[in-house]
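Student: Attaching a single structure in structure tokens format; questions to follow.
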Amino acid sequence: MDINIKKILFEELLDKVEKPGRYTGKEYNEIIKREKKSTIKVALAFPDLYEIGMSYLGFKILYEIINKRDDALAERIFSPAVDMENLLRERQIPVFSLETYRALNSFDLVGFTIQHELCFSNILNLLDLGGIPLRSTARKEEDPLIIAGGPGAFNPEPLSCFIDLFVIGEGEEIIGEIIEVYKRWKEKKQSRSKLLEKLGHLEGVYIPSHYKVDYLEDGKVKSITPKKEAYRSVIKKRIISNFDQVFYPLYPIVPNIDVVHDRITLEIFRGCSRGCRFCQAGIIYRPVREKSVGTLVKLAEEILAHTGYEEISLSSLSSSDYSEIERLITQLVDRFKEKGVGVSLPSLRIDTFSVALAQQVQRVRKTGLTFAPEVGTQRLRDVINKNVQEEDLYSSIRAAFQAGWRKIKLYFMIGLPTETDEDVEEIVKLVNQVDRMGREIMGRKININISVSAFVPKSHTPFQWEAQEARESLSKKIGYLKDRLDWRNISFSYPDIKHSYLEAVFARGDRRLGEVLERAHYLGCKFDAWSEQFKFEAWQQAFVDSGLSMEFYVNRVREDDEILPWEHISCGVKKEYLLKEKEKALKGETTPDCRFDSCTSCGVC
Amino acid sequence: MEQLIRVKYSKDEPIRYISHLNLVQVFTRALRRANLPVVISCGFNPRFRISFGPPLPLGISSSSEYLDIRLKERIKTEDLVGRLNRVLPEGLKILEAKIIPSSADSLVKVIDKASYWINLKSRGSLLNLEDDQGESKLKELVKEIDKDIKIFLRLEEIMVEKSTKKGVKRMDIKPSILNMSVKKIQHQFLELNLGLNIGQEGNLNPQYVIKAWLSHFGNNFEIKKICRYGLYIKGKEVIED
């Protein structure tokens with residue numbers, strides 16, 4: 001079937017959909033390569049809308065790295081919104097890339113970015129829309145090789161029957177190695193299994209079909225065994241060697257329409273050693289590695305010249321922890337002020353130092369300052385190892401009011417291990433205290449935005465063995481807070497607990513969930529992170545049809561010696577460390593940050 | 001010395017699919033890439049001092065859009081055109097630039113007329129080309145449609161429904177219509193000319209006129225493309241060739 005996708009798109013489809021700018025491509029800095037027959041064609045597939053996918057740094061990094069090569073090209077593919085999907089299905093047009101309007105199934109490699117569990121159904125839907133068989137076993141030699149990476153790959157098991165190969169860890173270096181192996185394989189015209197065999201030798205590559213998983217009668221994992229002796233028993237994540245000098249995208253695409261993060265992203269450091277016990281990012285991105293001030297200023301200058309953005313956002317897991325943050329901010333602000341370019345600091349810790357930093361970069365002021373007390377009591381704050389004292393919290397918020405901020409955002413999490421009703425009640429008291437403090441200092445009403453989320457136990461964290469609290473009781477807690485906090489000058493946002501529940505199922509799910517995913521896909525599940533598309537009943541149906549229980553994955557405390565579905569995936573942090581951290585958590589003991597205190601022996605360095 | 005430059009540009013595929021607000025951002029970033037010395041407004045949220053003509057609705061292309069750019073220092077207009085064209089995304093092109101008095105009235109204040117070209121596709125066949133009498137039949141058809149248009153334009157009022165955020169609003173679009181006529185008929189396609197009043201009273205989307213006309217005379221066409229080809233101040237193109 002040879003159809004001219006571009007012609008149909010421009011002549012017939014774009015006038016019929018919302019936000020047609022999502023599908024046209026041709027933005028500034030888009031790369032369309034001249035290709036030869038031998039060029040390896042890579043589709044970078046993002047299982048969500050354009051405006052979400054265009055916001056991710058990892059996606060931009062891979063796009064430029066691949067396109068810099070002489071022997072390969074990379075093009076972008078995003079999930080079409082439902083209106084466009086319906087048109088594509090009606091007209092039997094495959095989902096296509098924005099660069100050359102090429103069908104997904106005509107690429108050599110398809111690489112999915114997995115940010116979180118609620119996009120799993122979109123991965124299946126994209127494969128389906130792209131004319132690619134869902135299951136790896138059903139794919140033939142001419143089908144693309146399906147790769148997935150990103151934070152969501154650290155528990156790859158639920159997706160293991162659909163993905164040929166997972167990349168565990170940082171992608172900057174390994175992507176080139178994969179292309180090299182693929183190229184040699186393609187020249188020799190060998191079998192698909194031979195290709196996987198070869199790729200399996202690369203460090204950080206996980207090929208699920210090379211492993212066999214057995215289960216106990218009660219449903220727990222009995223063993224995860226490599227099918228051949230040559231296969232690794234543990235797959236260790238990739239860590240790039242020189243973070244300061246590693247490739248950084250200098251020509252990011254400038255979207256023509258609004259996207260979620262529409263600014264220059266300057267990654268100042270990777271990793272975090274604060275050690276919050278619920279946080280997966282704080283474990284899997286270790287160790288902490290910084291770029292130098294000199295490198296960052298140079299990068300900012302170049303990217304600005306190539307994009308014309310009006311804002312530079314310093315990105316990391318906790319920006320005030322950057323060792324030379326003051327020098328960096330001063331240099332950036334001074335250099336770009338007269339061009340009308342601002343600097344923003346999205347993730348700040350709670351301390352007066354951070355408030356002082358925020359004062360330096362005025363742009364933050366318009367959006368308000370965000371603090372994450374996480375919980376209502378110091379006891380629970382110690383359990384999760386949020387190393388912040390109540391006094392620090394109040395003094396930094398006081399400093400923010402004194403500096404003139406009238407809008408404060410506060411983040412909380414409910415359902416954490418050991419949480420009691422009192423902990424939840426104390427959230428209300430804390431907010432009221434902040435409200436009072438604001439009125440006293442400002443002499444008028446202030447705005448407080450409260451954002452509450454539900455704890456989702458994630459793999460590779462000290463809380464990976466913990467249960468998620470029952471749905472009913474989480475909903476009751478949300479209701480309690482909403483009744484007391486959603487009024488007057490306080491706005492209150494909260495999640496649909498069913499989302500957090502499904503997220504928890506897949507965050508620690510095993511291989512058998514593949515069947516559920518496939519079933520849910522046929523029942524029409526997609527865009528699970530978007531409430532207007534979320535079909536919880538269909539998910540429940542899919543579980544019933546597959547004979548599996550959601551509660552088994554979510555609401556059960558796992559034993560210390562239980563074999564976890566991701567037992568064979570290593571992020572470098574040792575299991576003993578995570579266990580020790582869990583025990584300390586339950587005793588309410590804290591662990592200091594190794595950057596300012598002694599080594600915690602987490603095992604990553 | 002400050003300098004105000006009026007720029008004429010075209011907006012075509014694929015940029016016609018972005019909104020006016022997004023277009024403002026696209027231009028702002030292009031101006032920064034071009035490193036042009038645009039004046040920045042004071043205040044909390046510094047902005048480039050640029051101002052656009054009447055917004056073009058999403059989906060409509062144009063060969064005649066305008067933008068005023070205030071510069072901190074004098075530069076040659078051909079430099080500005082060249083530098084900007086090198087950094088604009090596909091679909092936007094600066095056609096010409098002219099220095100205007102620093103105190104000139106803003107584009108939205110002075111532009112009073114817009115011309116549109118509308119391409120419609122017939123659901124049935126309009127003309128049989130193999131027919132010997134094609135030529136005369138064509139003339140007849142043009143006459144017939146022009147008559148339809150005349151009747152349409154003589155209506156006392158032309159009410160349309162406009163859906164806004166606050167719900168559906170009914171309005172009379174007749175005062176906005178200046179002229180309407182057949183431009184060309186070819187194969188299945190009918191091309192119309194449409195002139196609309198524009199300015200303080202509003203900036204009517206030509207789709208409303210065409211849809212009202214189509215529903216008035218049996219809806220046998222679908223709109224394929226609309227292009228704005230002229231913006232005028234008191235009968236003259238904003239920048240005359």
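Naming works like this for the structure tokens: A, B, ... for the chains as they're shown, residue 1 at the start of each chain, ligands 1 onward in shown order.
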Find the residues in chain A near chain B: any atom within 10 Å counts, using only C-alpha atoms. Write them as an NGL selection string.

Tutor: :A and (10-12 or 14-15 or 18-30 or 254-258 or 303-310 or 337-342 or 362-363 or 365-366)

Student: Among region 149-183 of chain B, which residues does DSSP mark as helix (DSSP H, G or I) when it is run on the backbone? Keep the chain and numbering as in the structure and answer as number ranges by chain.

Tutor: B: 149-153, 174-176

Student: Hey, can you check how far CA of Val428 (chain A) sits from CA of Asp392 (chain A)?

Tutor: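 Straight-line distance from CA of Val428 (chain A) to CA of Asp392 (chain A) works out to 18.3 Å.
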
Student: Can you list, as a count of residues only, all residues belonging to region 169-295 of chain A that DSSP tags as strand (DSSP E)?

Tutor: 23

Student: Can you pull out the residues contacting Cys227 (chain B)? Cut-off 8 Å, using only C-alpha atoms, and skip same-chain residues under 2 positions away; I want them as a PyMOL selection string.

Tutor: chain B and resi 60-63+116-118+225+229

Student: Generate a file of the selected residues that holds N, CA and C atoms, formatted as a compact mmCIF listing (two decimals), in the first residue's frame.

Tutor:
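Once written, again-v2.txt looks like this:
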```txt
# COMPACT_ATOMS: atom_id res chain seq x y z
N ILE B 60 -6.60 29.78 8.00
CA ILE B 60 -6.63 30.66 6.83
C ILE B 60 -5.21 31.10 6.49
N SER B 61 -4.87 31.04 5.22
CA SER B 61 -3.53 31.48 4.84
C SER B 61 -3.60 32.93 4.38
N SER B 62 -2.44 33.54 4.17
CA SER B 62 -2.46 34.93 3.75
C SER B 62 -1.22 35.29 2.97
N SER B 63 -1.41 36.18 1.99
CA SER B 63 -0.25 36.67 1.26
C SER B 63 -0.01 38.13 1.61
N TYR B 116 -10.59 38.49 0.76
CA TYR B 116 -10.34 37.05 0.86
C TYR B 116 -10.62 36.38 -0.47
N TRP B 117 -9.91 35.34 -0.67
CA TRP B 117 -10.11 34.49 -1.83
C TRP B 117 -10.55 33.14 -1.26
N ILE B 118 -11.65 32.63 -1.79
CA ILE B 118 -12.20 31.41 -1.19
C ILE B 118 -12.33 30.32 -2.24
N LYS B 225 -10.15 25.98 0.85
CA LYS B 225 -9.07 26.85 1.32
C LYS B 225 -9.52 28.30 1.30
N TYR B 229 -5.84 38.01 0.88
CA TYR B 229 -4.82 38.52 -0.04
C TYR B 229 -4.65 40.02 0.00
```

Student: Tell me, as a count of residues only, which residues lie within 7 Å of Ile177 (chain B), counting only C-alpha atoms; anything in the same chain fewer than 6 positions away does not count.

Tutor: 3

Student: Find the spatial neighbours of Asn447 (chain A), counting only C-alpha atoms, within a cut-off of 7 Å - ignore same-chain residues fewer than 6 positions away - and output them as an MDAnalysis selection string.

Tutor: chainID A and resid 406:408 489:490

Student: Please, what distance in Å, to one decimal, runs between CA of Leu194 (chain B) and CA of Glu65 (chain B)?

Tutor: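 Going from CA of Leu194 (chain B) over to CA of Glu65 (chain B), I get 16.6 Å.
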
Student: I want to know what sits within 7 Å of Leu190 (chain B), based on only C-alpha atoms, with residues of the same chain fewer than 4 positions away left out; could you give that as a list in words?

Tutor: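 After dropping sequence-adjacent residues, the list is Asn119, Leu120, Lys121, Lys184, Ile185 and Gln186 of chain B.
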
Student: May I have the residues within 12 Å of Gly376 (chain A) as a ChimeraX atom specification, using only C-alpha atoms and disregarding those fewer than 4 positions away in the same chain?

Tutor: /A:372,380-384,386,388-390,393,410-416,419-433,452,481

Student: Could you save the residues just selected, with N, CA, C and O atoms, as a short mmCIF file (atom, residue, chain, number, x, y, z; two decimals), in the first residue's frame?

Tutor:
```
data_model
loop_
_atom_site.label_atom_id
_atom_site.label_comp_id
_atom_site.auth_asym_id
_atom_site.auth_seq_id
_atom_site.Cartn_x
_atom_site.Cartn_y
_atom_site.Cartn_z
N ALA A 372 7.43 22.00 49.15
CA ALA A 372 6.89 20.65 49.31
C ALA A 372 7.12 20.15 50.73
O ALA A 372 8.09 19.44 50.99
N LEU A 380 6.32 12.04 60.51
CA LEU A 380 6.19 11.41 59.19
C LEU A 380 7.25 11.95 58.21
O LEU A 380 7.74 11.24 57.34
N ARG A 381 7.60 13.21 58.42
CA ARG A 381 8.65 13.79 57.57
C ARG A 381 9.96 13.03 57.78
O ARG A 381 10.74 12.84 56.84
N ASP A 382 10.20 12.59 58.99
CA ASP A 382 11.41 11.80 59.27
C ASP A 382 11.29 10.40 58.68
O ASP A 382 12.27 9.84 58.19
N VAL A 383 10.07 9.86 58.70
CA VAL A 383 9.86 8.52 58.12
C VAL A 383 10.24 8.53 56.63
O VAL A 383 10.91 7.62 56.15
N ILE A 384 9.82 9.58 55.92
CA ILE A 384 10.11 9.60 54.47
C ILE A 384 11.49 10.20 54.19
O ILE A 384 11.90 10.31 53.04
N LYS A 386 12.48 13.24 54.46
CA LYS A 386 12.51 14.59 53.91
C LYS A 386 13.26 15.40 54.95
O LYS A 386 12.70 15.77 55.98
N VAL A 388 13.89 18.01 56.39
CA VAL A 388 13.51 19.39 56.62
C VAL A 388 12.86 19.45 57.99
O VAL A 388 12.05 18.59 58.33
N GLN A 389 13.24 20.43 58.76
CA GLN A 389 12.62 20.61 60.08
C GLN A 389 11.46 21.58 59.97
O GLN A 389 11.48 22.49 59.13
N GLU A 390 10.47 21.36 60.81
CA GLU A 390 9.30 22.22 60.81
C GLU A 390 9.68 23.71 60.87
O GLU A 390 9.12 24.54 60.17
N LEU A 393 10.77 25.04 57.59
CA LEU A 393 9.61 25.19 56.72
C LEU A 393 8.95 26.54 56.96
O LEU A 393 8.76 27.33 56.03
N LEU A 410 1.77 24.61 47.89
CA LEU A 410 2.24 23.60 48.84
C LEU A 410 1.88 22.21 48.33
O LEU A 410 0.74 21.96 47.95
N TYR A 411 2.88 21.35 48.30
CA TYR A 411 2.64 19.97 47.85
C TYR A 411 2.60 19.02 49.04
O TYR A 411 3.45 19.07 49.91
N PHE A 412 1.61 18.15 49.03
CA PHE A 412 1.51 17.12 50.06
C PHE A 412 1.26 15.76 49.43
O PHE A 412 0.76 15.65 48.31
N MET A 413 1.61 14.73 50.20
CA MET A 413 1.35 13.37 49.74
C MET A 413 0.62 12.64 50.86
O MET A 413 1.02 12.76 52.03
N ILE A 414 -0.42 11.92 50.52
CA ILE A 414 -1.11 11.15 51.55
C ILE A 414 -0.94 9.65 51.28
O ILE A 414 -0.62 9.24 50.16
N GLY A 415 -1.17 8.87 52.31
CA GLY A 415 -1.10 7.42 52.16
C GLY A 415 0.29 6.85 52.34
O GLY A 415 0.55 5.70 51.99
N LEU A 416 1.20 7.64 52.88
CA LEU A 416 2.57 7.14 53.09
C LEU A 416 2.61 6.10 54.21
O LEU A 416 1.74 6.10 55.09
N GLU A 419 1.35 6.39 58.08
CA GLU A 419 0.51 7.59 58.23
C GLU A 419 -0.72 7.29 59.10
O GLU A 419 -1.37 6.26 58.94
N THR A 420 -1.02 8.23 60.01
CA THR A 420 -2.22 8.10 60.85
C THR A 420 -3.17 9.24 60.53
O THR A 420 -2.81 10.17 59.80
N ASP A 421 -4.37 9.18 61.12
CA ASP A 421 -5.32 10.27 60.93
C ASP A 421 -4.75 11.59 61.42
O ASP A 421 -4.99 12.64 60.84
N GLU A 422 -3.96 11.49 62.49
CA GLU A 422 -3.39 12.72 63.05
C GLU A 422 -2.47 13.41 62.02
O GLU A 422 -2.48 14.62 61.89
N ASP A 423 -1.69 12.61 61.28
CA ASP A 423 -0.80 13.19 60.27
C ASP A 423 -1.61 13.99 59.25
O ASP A 423 -1.17 15.04 58.79
N VAL A 424 -2.77 13.45 58.89
CA VAL A 424 -3.61 14.13 57.90
C VAL A 424 -4.21 15.39 58.51
O VAL A 424 -4.24 16.45 57.87
N GLU A 425 -4.66 15.27 59.75
CA GLU A 425 -5.23 16.45 60.42
C GLU A 425 -4.20 17.57 60.52
O GLU A 425 -4.54 18.75 60.37
N GLU A 426 -2.96 17.18 60.72
CA GLU A 426 -1.91 18.20 60.87
C GLU A 426 -1.64 18.96 59.57
O GLU A 426 -1.13 20.07 59.60
N ILE A 427 -1.98 18.36 58.44
CA ILE A 427 -1.84 19.09 57.16
C ILE A 427 -2.73 20.33 57.20
O ILE A 427 -2.31 21.43 56.83
N VAL A 428 -3.94 20.15 57.69
CA VAL A 428 -4.88 21.26 57.78
C VAL A 428 -4.31 22.35 58.69
O VAL A 428 -4.34 23.54 58.34
N LYS A 429 -3.76 21.93 59.83
CA LYS A 429 -3.21 22.91 60.76
C LYS A 429 -2.04 23.67 60.13
O LYS A 429 -1.91 24.87 60.28
N LEU A 430 -1.19 22.93 59.41
CA LEU A 430 -0.04 23.55 58.77
C LEU A 430 -0.49 24.62 57.77
O LEU A 430 0.03 25.73 57.76
N VAL A 431 -1.47 24.26 56.95
CA VAL A 431 -1.95 25.21 55.94
C VAL A 431 -2.54 26.44 56.61
O VAL A 431 -2.27 27.58 56.22
N ASN A 432 -3.32 26.24 57.67
CA ASN A 432 -3.91 27.37 58.37
C ASN A 432 -2.85 28.28 58.98
O ASN A 432 -2.97 29.50 58.97
N GLN A 433 -1.82 27.66 59.46
CA GLN A 433 -0.72 28.41 60.06
C GLN A 433 -0.04 29.28 58.99
O GLN A 433 0.24 30.46 59.22
N VAL A 452 -2.42 17.88 46.41
CA VAL A 452 -2.25 16.64 47.17
C VAL A 452 -2.14 15.48 46.19
O VAL A 452 -2.87 15.42 45.20
N LEU A 481 -9.63 16.42 53.65
CA LEU A 481 -8.83 17.61 53.37
C LEU A 481 -9.60 18.61 52.51
O LEU A 481 -9.55 19.81 52.75
#
```

Student: By how many Å are CA of Lys98 (chain B) and CA of Glu237 (chain B) apart?

Tutor: 13.1 Å

Student: Name the closest residue to Leu485 (chain A) among the candidates A:Ala507, A:Ile448, A:Ile65, A:Leu124; distances are taken between atoms, counting only C-alpha atoms.

Tutor: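 Residue with the minimum atom-to-atom distance to Leu485 (chain A): A:Ile448.
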